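Participant: My structure is in coords.cif, and what it holds is mmCIF, C-alpha atoms:
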data_run
#
loop_
_atom_site.label_atom_id
_atom_site.label_comp_id
_atom_site.auth_asym_id
_atom_site.auth_seq_id
_atom_site.Cartn_x
_atom_site.Cartn_y
_atom_site.Cartn_z
CA MET W 11 118.09 67.13 53.43
CA LYS W 12 115.98 69.98 52.20
CA THR W 13 113.10 69.45 49.82
CA THR W 14 109.96 71.25 48.74
CA VAL W 15 106.61 69.54 49.15
CA GLU W 16 103.15 70.91 48.45
CA ILE W 17 100.80 70.18 51.36
CA HIS W 18 97.11 71.03 51.54
CA ASP W 19 96.64 74.17 53.63
CA ALA W 20 94.33 72.54 56.17
CA LEU W 21 96.71 69.61 56.67
CA LEU W 22 99.67 71.91 57.15
CA GLU W 23 97.70 73.92 59.70
CA GLN W 24 96.89 70.74 61.64
CA ALA W 25 100.57 69.79 61.58
CA ARG W 26 101.54 73.24 62.86
CA GLN W 27 98.98 72.99 65.67
CA ARG W 28 100.31 69.54 66.64
CA ALA W 29 103.86 70.88 66.64
CA LYS W 30 102.86 73.78 68.87
CA ALA W 31 100.88 71.55 71.23
CA THR W 32 103.73 69.03 71.60
CA GLY W 33 106.55 71.54 71.59
CA GLN W 34 108.15 69.84 68.60
CA PRO W 35 109.38 71.54 65.48
CA LEU W 36 107.11 71.19 62.45
CA ARG W 37 109.82 69.14 60.79
CA ALA W 38 109.69 66.54 63.60
CA VAL W 39 105.90 66.22 63.33
CA ILE W 40 106.12 65.66 59.57
CA GLU W 41 108.98 63.15 59.96
CA ASP W 42 107.04 61.24 62.63
CA GLY W 43 104.03 61.03 60.35
CA LEU W 44 106.15 59.72 57.48
CA ARG W 45 107.82 57.17 59.75
CA GLN W 46 104.45 55.86 60.91
CA LEU W 47 103.19 55.59 57.35
CA LEU W 48 106.33 53.87 56.07
CA ALA W 49 106.36 51.40 58.98
CA LYS W 50 103.04 49.93 57.78
CA PRO W 51 103.27 47.10 55.25
CA LEU W 52 102.12 47.90 51.77
CA PRO W 53 98.62 46.66 51.07
CA THR W 54 98.71 43.56 48.93
CA LYS W 55 96.27 43.04 46.15
CA LYS W 56 94.45 39.77 46.64
CA TYR W 57 94.77 37.36 43.78
CA LYS W 58 91.45 36.38 42.33
CA MET W 59 91.50 33.13 40.46
CA LYS W 60 89.64 33.00 37.19
CA ASP W 61 86.45 30.97 37.42
CA CYS W 62 87.12 27.92 35.24
CA ARG W 63 84.25 25.79 36.46
CA TYR W 64 82.16 23.88 34.00
CA GLY W 65 79.17 21.61 34.20
CA ASN W 66 76.13 21.95 36.39
CA PRO W 67 77.05 23.46 39.78
CA ASN W 68 73.92 21.89 41.29
CA GLY W 69 74.56 18.49 39.75
CA PRO W 70 76.28 15.50 41.34
CA ASN W 71 79.98 15.74 42.14
CA PRO W 72 81.76 13.36 39.72
CA LEU W 73 84.80 13.11 42.00
CA GLU W 74 82.83 12.17 45.09
CA LYS W 75 83.11 8.44 44.39
CA TYR W 76 86.94 8.50 44.54
CA SER W 77 89.18 8.46 47.61
CA TRP W 78 92.09 10.90 47.82
CA GLU W 79 94.53 8.11 46.96
CA GLU W 80 92.52 7.21 43.84
CA LEU W 81 92.33 10.85 42.76
CA ARG W 82 96.07 11.23 43.26
CA ASP W 83 96.72 8.12 41.14
CA ILE W 84 94.46 9.47 38.38
CA ILE W 85 96.15 12.90 38.44
CA TYR W 86 99.67 11.46 38.34
CA GLU W 87 98.92 8.55 36.01
CA GLY W 88 101.83 7.89 33.68
CA ARG W 89 104.36 9.96 35.63
#
Go ahead and render the structure in this file as structure tokens.
Facilitator:
Amino acid sequence: MKTTVEIHDALLEQARQRAKATGQPLRAVIEDGLRQLLAKPLPTKKYKMKDCRYGNPNGPNPLEKYSWEELRDIIYEGR
């Protein structure tokens, strides 16, 4: 398929030099570059959870006195 793309002059010159050095057509060099780029996974934006803390961060931990089983029972109480 034919298409028109604007490429920065210096980048196009580098692609032409690579094509000449490897004996490939310019089209093949450009296609190889696109294939390499498209083979990489898209970067994922890390989710940042909103800070919903309250109380004194240096104070005692009010949950420390409970075991996991007790915490679970408190969380699911009435369900």
Participant: Could you tell me how far atom CA of Leu44 of chain W sits from atom CA of Val15 of chain W, in Å to one decimal place?
Facilitator: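 Going from atom CA of Val15 of chain W over to atom CA of Leu44 of chain W covers 12.9 Å.
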Participant: Grab the atom CA of Met59 of chain W to atom CA of Gly88 of chain W distance for me, in Å with one decimal place.
Facilitator: 28.1 Å
Participant: Kindly compute an axis-aligned box around the listed atoms of segment 35-41 of chain W, allowing 6 Å on each side, and express its centre and edge lengths in Å to one decimal as JSON.
Facilitator:
{"center_x": 107.9, "center_y": 67.3, "center_z": 62.5, "size_x": 15.9, "size_y": 20.4, "size_z": 17.9}
Participant: In Å to one decimal, how far is atom CA of Arg28 of chain W from atom CA of Glu16 of chain W?
Facilitator: 18.5 Å
Participant: So which residues touch segment 36-41 of chain W within 12 Å, counting all atoms listed in the file, skipping near sequence neighbours fewer than 6 positions away, as a VMD selection string?
Facilitator: chain W and resid 11 to 13 15 17 21 to 30 47 to 48
